[in-house]
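K.L.:
Pasting in a structure now, in structure tokens, and then I'll have a few things to ask.
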Amino acid sequence: NAIDADDILIPMFTWTVEPGSSAGKHTYVAHTPGNTAEWEENMGVLEEYTYLKSEQAVLAELDKIDTVTGTRIVLFNLKTPVEFDFEYDPVDIRMMGSLGDDDDDKPRTSSRRPIFQQHRPGQQMTLDVPEDYSLRSYMEVLYLRPTVTFTLRGAPIVPRCPIARLSVAYHQFEPYTPRGVPEARASSVHVHCGYLEETSTRSKLCGFHMYNKNRLIQMYKRFGDQLQANVMMKDMLGVVEADCLEPTHNKQAFNTTEIAYAKC
């Protein structure tokens, strides 16, 4: 907005990584374009608008990736007041909660109101769902069967399989393929359900985690009687593997206007 821009251009650079002479270090060989002005212009954008003030600073960030392949994501220049809590847990990033009536400096985390909660039909407003406000908790269930590893603020993410926790009355339905699914996405839907094993009372968590091609799309989605209060199955949990459905662009919901969704 400040420069009235119509397009967003992302500075791009390419280096070849070669083994370095010292232990744990690499040598980076830059692939500069034929027009060096393009490289200098891109580097100038980084130096002006980010905390990376030189090519050496960029390479220092790459050195922090200690695997053969990987992606490093850095948050910086966050607006104030900050929308995320970096102080409560040094290895987590949490949504900033609502402020209490008696303390304007601390998030209210009493049992009467959770730190932050996504709205879900049929879910109690007092129910605490860590995956709603904790990035670490969310990443633990982001992939049903993880094939890569994640590190958040220097600490590895330990995956939690939502199917493995269904230890009480676990049942897997026969796979089925809904009608009306485009041929390119035709595949079976797999449904798992069960209950958590609790020492005293059943958990108040309820609903299904819905995955598409191994990636979590929706959490604690309630169906049928689960949408009503004080009914049976209100504490039943499950997992739906629906590769045949089409998720929205932000991977937070499914395309509900598609006939396949209604048939699923």
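In the structure tokens, chains take the letters A, B, ... in the order shown, each chain's residues start at 1, and ligands count up from 1 in the order shown.
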Where does DSSP see strand (DSSP E or B) in segment 111-233 of chain A, if you list the residues as a PyMOL selection string?

P.N.:
chain A and resi 134+143+151-152+155-156+168-172+176+189-195+207-212+215-221

K.L.:
Suppose we keep N, CA, C and O atoms; can you now write the selection as a short mmCIF file (atom, residue, chain, number, x, y, z; two decimals), in the first residue's frame?

P.N.:
data_model
loop_
_atom_site.label_atom_id
_atom_site.label_comp_id
_atom_site.auth_asym_id
_atom_site.auth_seq_id
_atom_site.Cartn_x
_atom_site.Cartn_y
_atom_site.Cartn_z
N SER A 134 -2.37 -23.48 20.07
CA SER A 134 -0.96 -23.87 20.18
C SER A 134 -0.47 -24.41 18.84
O SER A 134 -1.00 -25.41 18.34
N TYR A 143 -0.36 -34.00 10.12
CA TYR A 143 -0.29 -35.09 9.13
C TYR A 143 -0.65 -36.40 9.82
O TYR A 143 -0.14 -36.71 10.90
N THR A 151 10.60 -29.02 13.20
CA THR A 151 11.21 -28.45 14.40
C THR A 151 10.61 -27.07 14.62
O THR A 151 10.55 -26.26 13.70
N LEU A 152 10.13 -26.82 15.82
CA LEU A 152 9.54 -25.53 16.16
C LEU A 152 10.33 -24.89 17.29
O LEU A 152 10.45 -25.46 18.37
N ALA A 155 12.95 -27.14 18.97
CA ALA A 155 12.55 -28.42 19.56
C ALA A 155 11.76 -29.22 18.55
O ALA A 155 10.84 -28.69 17.91
N PRO A 156 12.07 -30.51 18.36
CA PRO A 156 11.36 -31.33 17.36
C PRO A 156 9.90 -31.53 17.72
O PRO A 156 9.53 -31.59 18.90
N VAL A 168 -10.63 -47.21 23.07
CA VAL A 168 -11.83 -47.81 23.66
C VAL A 168 -12.90 -47.95 22.59
O VAL A 168 -13.25 -46.97 21.91
N ALA A 169 -13.42 -49.16 22.42
CA ALA A 169 -14.48 -49.44 21.44
C ALA A 169 -14.10 -48.98 20.04
O ALA A 169 -14.94 -48.45 19.30
N TYR A 170 -12.85 -49.20 19.68
CA TYR A 170 -12.39 -48.77 18.35
C TYR A 170 -13.07 -49.60 17.26
O TYR A 170 -13.24 -50.80 17.38
N HIS A 171 -13.44 -48.89 16.18
CA HIS A 171 -14.06 -49.59 15.04
C HIS A 171 -13.68 -48.87 13.76
O HIS A 171 -13.66 -47.63 13.71
N GLN A 172 -13.34 -49.64 12.73
CA GLN A 172 -13.08 -49.08 11.41
C GLN A 172 -14.13 -49.60 10.44
O GLN A 172 -14.31 -50.80 10.29
N TYR A 176 -15.56 -47.04 1.51
CA TYR A 176 -16.57 -46.87 0.47
C TYR A 176 -16.21 -45.66 -0.38
O TYR A 176 -15.52 -44.74 0.07
N VAL A 189 -13.30 -43.70 0.98
CA VAL A 189 -13.31 -42.97 2.24
C VAL A 189 -13.12 -43.98 3.37
O VAL A 189 -13.80 -45.02 3.41
N HIS A 190 -12.20 -43.69 4.28
CA HIS A 190 -11.94 -44.57 5.42
C HIS A 190 -12.36 -43.84 6.70
O HIS A 190 -11.95 -42.70 6.94
N VAL A 191 -13.17 -44.51 7.52
CA VAL A 191 -13.69 -43.90 8.75
C VAL A 191 -13.28 -44.75 9.94
O VAL A 191 -13.51 -45.96 9.97
N HIS A 192 -12.66 -44.10 10.92
CA HIS A 192 -12.26 -44.74 12.18
C HIS A 192 -13.00 -44.03 13.31
O HIS A 192 -13.15 -42.81 13.29
N CYS A 193 -13.45 -44.76 14.32
CA CYS A 193 -14.11 -44.12 15.45
C CYS A 193 -13.83 -44.91 16.73
O CYS A 193 -13.43 -46.08 16.69
N GLY A 194 -14.01 -44.24 17.84
CA GLY A 194 -13.76 -44.85 19.14
C GLY A 194 -13.80 -43.81 20.24
O GLY A 194 -14.27 -42.68 20.04
N TYR A 195 -13.27 -44.18 21.40
CA TYR A 195 -13.27 -43.28 22.55
C TYR A 195 -11.88 -43.24 23.15
O TYR A 195 -11.08 -44.16 22.99
N GLY A 207 -16.03 -35.40 18.08
CA GLY A 207 -16.00 -35.11 16.66
C GLY A 207 -14.92 -35.87 15.91
O GLY A 207 -14.18 -36.69 16.48
N PHE A 208 -14.80 -35.57 14.63
CA PHE A 208 -13.91 -36.29 13.74
C PHE A 208 -12.84 -35.36 13.18
O PHE A 208 -13.13 -34.22 12.80
N HIS A 209 -11.61 -35.87 13.15
CA HIS A 209 -10.54 -35.20 12.41
C HIS A 209 -10.66 -35.65 10.95
O HIS A 209 -10.62 -36.85 10.66
N MET A 210 -10.77 -34.69 10.03
CA MET A 210 -10.94 -35.02 8.62
C MET A 210 -9.65 -34.70 7.87
O MET A 210 -9.15 -33.57 7.91
N TYR A 211 -9.12 -35.72 7.19
CA TYR A 211 -7.85 -35.60 6.47
C TYR A 211 -8.08 -35.75 4.97
O TYR A 211 -8.98 -36.49 4.53
N ASN A 212 -7.29 -35.04 4.20
CA ASN A 212 -7.29 -35.17 2.76
C ASN A 212 -5.86 -35.37 2.29
O ASN A 212 -5.01 -34.51 2.52
N ARG A 215 -3.23 -34.87 4.98
CA ARG A 215 -3.13 -33.56 5.59
C ARG A 215 -4.43 -33.20 6.30
O ARG A 215 -5.52 -33.36 5.75
N LEU A 216 -4.33 -32.71 7.55
CA LEU A 216 -5.51 -32.34 8.33
C LEU A 216 -6.23 -31.15 7.69
O LEU A 216 -5.61 -30.13 7.40
N ILE A 217 -7.54 -31.28 7.51
CA ILE A 217 -8.34 -30.19 6.97
C ILE A 217 -9.25 -29.60 8.05
O ILE A 217 -9.32 -28.39 8.22
N GLN A 218 -9.93 -30.45 8.78
CA GLN A 218 -10.81 -29.98 9.85
C GLN A 218 -10.64 -30.83 11.09
O GLN A 218 -10.42 -32.04 11.01
N MET A 219 -10.76 -30.19 12.26
CA MET A 219 -10.64 -30.89 13.54
C MET A 219 -11.98 -30.91 14.26
O MET A 219 -12.76 -29.96 14.19
N TYR A 220 -12.24 -32.01 14.94
CA TYR A 220 -13.41 -32.16 15.80
C TYR A 220 -14.71 -31.75 15.08
O TYR A 220 -15.54 -31.04 15.62
N LYS A 221 -14.84 -32.22 13.85
CA LYS A 221 -16.05 -31.98 13.06
C LYS A 221 -17.15 -32.90 13.57
O LYS A 221 -16.99 -34.12 13.62
#

K.L.:
Which of segment 67-166 of chain A end up as helix (DSSP H, G or I) when DSSP is run on this backbone - answer as a ChimeraX atom specification?

P.N.:
/A:130-133,135-140

K.L.:
What is the atom CA of Gln252 of chain A-atom CA of Thr50 of chain A distance in Å, reported with one decimal?

P.N.:
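Interatomic distance here is 29.2 Å.
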
K.L.:
Tell me, as a VMD selection string, which residues lie within 6 Å of segment 77-86 of chain A, counting only C-alpha atoms; anything in the same chain fewer than 3 positions away does not count.

P.N.:
chain A and resid 93 to 96

K.L.:
What lies within 12 Å of segment 62-74 of chain A using only C-alpha atoms, ignoring chain neighbours under 3 positions off, as an mmCIF file with C-alpha atoms, in the first residue's frame?

P.N.:
data_model
loop_
_atom_site.group_PDB
_atom_site.id
_atom_site.type_symbol
_atom_site.label_atom_id
_atom_site.label_comp_id
_atom_site.auth_asym_id
_atom_site.auth_seq_id
_atom_site.Cartn_x
_atom_site.Cartn_y
_atom_site.Cartn_z
ATOM 1 C CA THR A 14 20.055 -19.778 -6.031
ATOM 2 C CA TRP A 15 23.210 -21.241 -4.496
ATOM 3 C CA THR A 16 24.942 -24.566 -5.032
ATOM 4 C CA VAL A 17 25.860 -26.199 -1.737
ATOM 5 C CA GLU A 18 29.280 -27.844 -1.556
ATOM 6 C CA PRO A 19 30.970 -29.570 1.397
ATOM 7 C CA GLY A 20 32.994 -27.109 3.434
ATOM 8 C CA GLY A 24 29.389 -28.875 9.890
ATOM 9 C CA LYS A 25 29.937 -26.013 7.476
ATOM 10 C CA HIS A 26 29.071 -25.678 3.818
ATOM 11 C CA THR A 27 30.368 -23.652 0.941
ATOM 12 C CA TYR A 28 27.767 -21.774 -1.074
ATOM 13 C CA THR A 50 14.022 -7.490 6.210
ATOM 14 C CA TYR A 51 16.453 -8.107 9.033
ATOM 15 C CA LEU A 52 18.875 -9.744 6.570
ATOM 16 C CA GLU A 55 24.258 -12.135 1.583
ATOM 17 C CA GLN A 56 26.271 -13.547 4.499
ATOM 18 C CA ALA A 57 23.247 -13.054 6.775
ATOM 19 C CA VAL A 58 21.067 -15.038 4.349
ATOM 20 C CA LEU A 59 23.590 -17.872 4.211
ATOM 21 C CA ASN A 77 8.520 -7.505 11.988
ATOM 22 C CA LEU A 78 5.262 -8.525 13.671
ATOM 23 C CA VAL A 148 8.860 -35.482 7.185
ATOM 24 C CA THR A 149 10.092 -34.049 10.473
ATOM 25 C CA PHE A 150 9.357 -30.598 11.903
ATOM 26 C CA THR A 151 11.210 -28.448 14.395
ATOM 27 C CA LEU A 152 9.536 -25.527 16.157
ATOM 28 C CA ARG A 153 11.720 -23.000 17.972
ATOM 29 C CA GLY A 154 14.568 -25.479 18.202
#

K.L.:
Please report the interatomic distance between atom CA of Ser187 of chain A and atom CA of Leu166 of chain A in Å with one decimal.

P.N.:
24.1 Å

K.L.:
Using only C-alpha atoms, which residues sit within 10 Å of segment 114-118 of chain A once same-chain residues fewer than 6 positions away are excluded, as an MDAnalysis selection string?

P.N.:
chainID A and resid 94:99 107:108 124:134 219

K.L.:
Write out the residues from the selection above, keeping all heavy atoms, as a compact mmCIF listing (two decimals), in the first residue's frame.

P.N.:
# COMPACT_ATOMS: atom_id res chain seq x y z
N ARG A 94 1.84 -19.51 20.51
CA ARG A 94 0.44 -19.63 20.86
C ARG A 94 -0.34 -18.38 20.48
O ARG A 94 0.21 -17.27 20.40
CB ARG A 94 0.29 -19.86 22.38
CG ARG A 94 0.93 -21.18 22.85
CD ARG A 94 1.31 -21.13 24.32
NE ARG A 94 0.20 -20.95 25.20
CZ ARG A 94 -0.40 -21.95 25.89
NH1 ARG A 94 0.05 -23.18 25.75
NH2 ARG A 94 -1.40 -21.71 26.68
N MET A 95 -1.63 -18.58 20.22
CA MET A 95 -2.50 -17.44 19.99
C MET A 95 -2.62 -16.64 21.27
O MET A 95 -2.71 -17.21 22.37
CB MET A 95 -3.88 -17.91 19.54
CG MET A 95 -3.90 -18.63 18.20
SD MET A 95 -3.61 -17.54 16.80
CE MET A 95 -5.09 -16.53 16.85
N MET A 96 -2.61 -15.33 21.16
CA MET A 96 -2.79 -14.49 22.33
C MET A 96 -4.23 -14.59 22.80
O MET A 96 -5.17 -14.45 22.00
CB MET A 96 -2.45 -13.04 22.00
CG MET A 96 -2.35 -12.14 23.22
SD MET A 96 -0.97 -12.60 24.31
CE MET A 96 0.42 -12.03 23.33
N GLY A 97 -4.44 -14.87 24.09
CA GLY A 97 -5.78 -15.09 24.61
C GLY A 97 -6.49 -13.81 24.97
O GLY A 97 -5.94 -12.70 24.88
N SER A 98 -7.74 -13.95 25.38
CA SER A 98 -8.52 -12.81 25.84
C SER A 98 -8.00 -12.36 27.19
O SER A 98 -7.53 -13.15 28.00
CB SER A 98 -10.00 -13.19 25.95
OG SER A 98 -10.49 -13.63 24.71
N LEU A 99 -8.09 -11.08 27.45
CA LEU A 99 -7.59 -10.55 28.71
C LEU A 99 -8.64 -10.72 29.81
O LEU A 99 -9.83 -10.55 29.59
CB LEU A 99 -7.25 -9.06 28.56
CG LEU A 99 -6.11 -8.75 27.58
CD1 LEU A 99 -5.90 -7.25 27.48
CD2 LEU A 99 -4.83 -9.44 28.00
N PRO A 107 -3.13 -13.30 29.97
CA PRO A 107 -4.28 -13.93 29.33
C PRO A 107 -5.11 -14.70 30.34
O PRO A 107 -4.58 -15.29 31.29
CB PRO A 107 -3.64 -14.88 28.31
CG PRO A 107 -2.25 -14.38 28.13
CD PRO A 107 -1.85 -13.78 29.45
N ARG A 108 -6.41 -14.66 30.17
CA ARG A 108 -7.29 -15.41 31.06
C ARG A 108 -7.34 -16.85 30.60
O ARG A 108 -7.73 -17.13 29.47
CB ARG A 108 -8.69 -14.80 31.05
CG ARG A 108 -9.67 -15.50 31.99
CD ARG A 108 -11.02 -14.81 31.98
NE ARG A 108 -11.95 -15.49 32.86
CZ ARG A 108 -13.22 -15.12 33.03
NH1 ARG A 108 -13.67 -14.07 32.37
NH2 ARG A 108 -14.01 -15.79 33.83
N GLN A 124 -18.95 -27.02 23.35
CA GLN A 124 -19.09 -26.15 24.50
C GLN A 124 -18.09 -24.99 24.43
O GLN A 124 -16.95 -25.16 24.05
CB GLN A 124 -18.86 -26.93 25.80
CG GLN A 124 -19.79 -28.11 25.98
CD GLN A 124 -19.17 -29.40 25.49
OE1 GLN A 124 -18.50 -29.42 24.45
NE2 GLN A 124 -19.39 -30.47 26.22
N MET A 125 -18.52 -23.81 24.81
CA MET A 125 -17.66 -22.64 24.77
C MET A 125 -16.54 -22.71 25.79
O MET A 125 -15.54 -22.01 25.68
CB MET A 125 -18.49 -21.37 24.98
CG MET A 125 -19.49 -21.09 23.87
SD MET A 125 -20.35 -19.52 24.09
CE MET A 125 -18.97 -18.37 23.98
N THR A 126 -16.71 -23.55 26.82
CA THR A 126 -15.69 -23.66 27.87
C THR A 126 -14.68 -24.77 27.58
O THR A 126 -13.75 -24.96 28.36
CB THR A 126 -16.35 -23.94 29.23
OG1 THR A 126 -17.14 -25.14 29.13
CG2 THR A 126 -17.25 -22.78 29.64
N LEU A 127 -14.86 -25.51 26.49
CA LEU A 127 -13.97 -26.64 26.19
C LEU A 127 -12.61 -26.14 25.73
O LEU A 127 -12.50 -25.33 24.81
CB LEU A 127 -14.59 -27.52 25.12
CG LEU A 127 -13.81 -28.79 24.75
CD1 LEU A 127 -13.69 -29.71 25.97
CD2 LEU A 127 -14.48 -29.52 23.60
N ASP A 128 -11.57 -26.63 26.36
CA ASP A 128 -10.20 -26.24 26.02
C ASP A 128 -9.66 -27.18 24.95
O ASP A 128 -9.55 -28.39 25.16
CB ASP A 128 -9.31 -26.30 27.27
CG ASP A 128 -7.90 -25.82 26.98
OD1 ASP A 128 -7.73 -24.67 26.56
OD2 ASP A 128 -6.96 -26.62 27.18
N VAL A 129 -9.32 -26.63 23.77
CA VAL A 129 -8.78 -27.40 22.66
C VAL A 129 -7.41 -26.82 22.33
O VAL A 129 -7.31 -25.82 21.61
CB VAL A 129 -9.71 -27.33 21.42
CG1 VAL A 129 -9.15 -28.21 20.30
CG2 VAL A 129 -11.13 -27.77 21.79
N PRO A 130 -6.31 -27.41 22.83
CA PRO A 130 -4.98 -26.84 22.60
C PRO A 130 -4.63 -26.65 21.13
O PRO A 130 -3.89 -25.73 20.79
CB PRO A 130 -4.05 -27.86 23.28
CG PRO A 130 -4.89 -28.51 24.32
CD PRO A 130 -6.27 -28.58 23.73
N GLU A 131 -5.13 -27.53 20.27
CA GLU A 131 -4.81 -27.41 18.84
C GLU A 131 -5.33 -26.10 18.24
O GLU A 131 -4.89 -25.68 17.18
CB GLU A 131 -5.40 -28.59 18.06
CG GLU A 131 -4.76 -29.93 18.38
CD GLU A 131 -5.46 -30.64 19.52
OE1 GLU A 131 -6.19 -29.96 20.30
OE2 GLU A 131 -5.31 -31.87 19.65
N ASP A 132 -6.27 -25.44 18.91
CA ASP A 132 -6.82 -24.19 18.42
C ASP A 132 -5.88 -23.01 18.63
O ASP A 132 -5.92 -22.04 17.87
CB ASP A 132 -8.16 -23.88 19.09
CG ASP A 132 -9.30 -24.70 18.50
OD1 ASP A 132 -9.12 -25.28 17.42
OD2 ASP A 132 -10.37 -24.75 19.13
N TYR A 133 -5.05 -23.07 19.69
CA TYR A 133 -4.22 -21.91 20.01
C TYR A 133 -2.73 -22.22 20.12
O TYR A 133 -1.92 -21.31 20.23
CB TYR A 133 -4.69 -21.26 21.32
CG TYR A 133 -4.72 -22.20 22.51
CD1 TYR A 133 -3.56 -22.50 23.23
CD2 TYR A 133 -5.91 -22.78 22.93
CE1 TYR A 133 -3.60 -23.35 24.31
CE2 TYR A 133 -5.95 -23.63 24.02
CZ TYR A 133 -4.79 -23.91 24.71
OH TYR A 133 -4.83 -24.76 25.79
N SER A 134 -2.37 -23.48 20.07
CA SER A 134 -0.96 -23.87 20.18
C SER A 134 -0.47 -24.41 18.84
O SER A 134 -1.00 -25.41 18.34
CB SER A 134 -0.78 -24.94 21.27
OG SER A 134 0.49 -25.58 21.16
N MET A 219 -10.76 -30.19 12.26
CA MET A 219 -10.64 -30.89 13.54
C MET A 219 -11.98 -30.91 14.26
O MET A 219 -12.76 -29.96 14.19
CB MET A 219 -9.63 -30.17 14.46
CG MET A 219 -8.21 -30.21 14.00
SD MET A 219 -7.10 -29.51 15.26
CE MET A 219 -7.72 -27.83 15.39

K.L.:
Could you please determine the separation between atom CA of Val45 of chain A and atom CA of Pro33 of chain A in Å, to one decimal place?

P.N.:
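Separating atom CA of Val45 of chain A from atom CA of Pro33 of chain A is a distance of 16.5 Å.
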
K.L.:
Any idea what's packed within 8 Å of Phe254 of chain A, counting only C-alpha atoms, ignoring anything in its chain fewer than 5 positions away? Could you give it as an NGL selection string?

P.N.:
:A and (217 or 245-248 or 261)

K.L.:
Limited to all heavy atoms, could you put the picked residues into a file as an mmCIF file, in the first residue's frame?

P.N.:
data_model
loop_
_atom_site.group_PDB
_atom_site.id
_atom_site.type_symbol
_atom_site.label_atom_id
_atom_site.label_comp_id
_atom_site.auth_asym_id
_atom_site.auth_seq_id
_atom_site.Cartn_x
_atom_site.Cartn_y
_atom_site.Cartn_z
ATOM 1 N N ILE A 217 -7.540 -31.278 7.509
ATOM 2 C CA ILE A 217 -8.344 -30.193 6.968
ATOM 3 C C ILE A 217 -9.246 -29.600 8.052
ATOM 4 O O ILE A 217 -9.316 -28.386 8.219
ATOM 5 C CB ILE A 217 -9.197 -30.671 5.778
ATOM 6 C CG1 ILE A 217 -8.300 -31.317 4.706
ATOM 7 C CG2 ILE A 217 -9.991 -29.513 5.188
ATOM 8 C CD1 ILE A 217 -7.274 -30.373 4.106
ATOM 9 N N LEU A 245 -12.484 -35.882 -1.595
ATOM 10 C CA LEU A 245 -13.094 -34.564 -1.475
ATOM 11 C C LEU A 245 -12.101 -33.465 -1.843
ATOM 12 O O LEU A 245 -10.892 -33.659 -1.794
ATOM 13 C CB LEU A 245 -13.602 -34.347 -0.048
ATOM 14 C CG LEU A 245 -14.685 -35.308 0.430
ATOM 15 C CD1 LEU A 245 -15.162 -34.912 1.815
ATOM 16 C CD2 LEU A 245 -15.858 -35.340 -0.543
ATOM 17 N N GLU A 246 -12.635 -32.318 -2.184
ATOM 18 C CA GLU A 246 -11.803 -31.190 -2.593
ATOM 19 C C GLU A 246 -11.709 -30.173 -1.458
ATOM 20 O O GLU A 246 -12.725 -29.583 -1.067
ATOM 21 C CB GLU A 246 -12.375 -30.518 -3.836
ATOM 22 C CG GLU A 246 -11.562 -29.327 -4.308
ATOM 23 C CD GLU A 246 -12.204 -28.600 -5.474
ATOM 24 O OE1 GLU A 246 -13.416 -28.792 -5.709
ATOM 25 O OE2 GLU A 246 -11.503 -27.831 -6.147
ATOM 26 N N PRO A 247 -10.510 -29.928 -0.913
ATOM 27 C CA PRO A 247 -10.381 -28.914 0.134
ATOM 28 C C PRO A 247 -10.380 -27.510 -0.458
ATOM 29 O O PRO A 247 -10.118 -27.321 -1.650
ATOM 30 C CB PRO A 247 -9.026 -29.246 0.772
ATOM 31 C CG PRO A 247 -8.249 -29.915 -0.323
ATOM 32 C CD PRO A 247 -9.250 -30.640 -1.174
ATOM 33 N N THR A 248 -10.678 -26.526 0.378
ATOM 34 C CA THR A 248 -10.597 -25.137 -0.055
ATOM 35 C C THR A 248 -9.138 -24.730 -0.201
ATOM 36 O O THR A 248 -8.229 -25.452 0.207
ATOM 37 C CB THR A 248 -11.290 -24.218 0.957
ATOM 38 O OG1 THR A 248 -10.706 -24.416 2.260
ATOM 39 C CG2 THR A 248 -12.783 -24.522 1.028
ATOM 40 N N TYR A 261 -19.317 -34.011 -1.659
ATOM 41 C CA TYR A 261 -19.323 -33.739 -0.216
ATOM 42 C C TYR A 261 -20.654 -34.182 0.396
ATOM 43 O O TYR A 261 -20.679 -34.762 1.485
ATOM 44 C CB TYR A 261 -19.089 -32.258 0.021
ATOM 45 C CG TYR A 261 -18.998 -31.895 1.488
ATOM 46 C CD1 TYR A 261 -17.772 -31.986 2.162
ATOM 47 C CD2 TYR A 261 -20.110 -31.469 2.206
ATOM 48 C CE1 TYR A 261 -17.683 -31.674 3.515
ATOM 49 C CE2 TYR A 261 -20.024 -31.153 3.553
ATOM 50 C CZ TYR A 261 -18.801 -31.257 4.192
ATOM 51 O OH TYR A 261 -18.719 -30.935 5.542
#
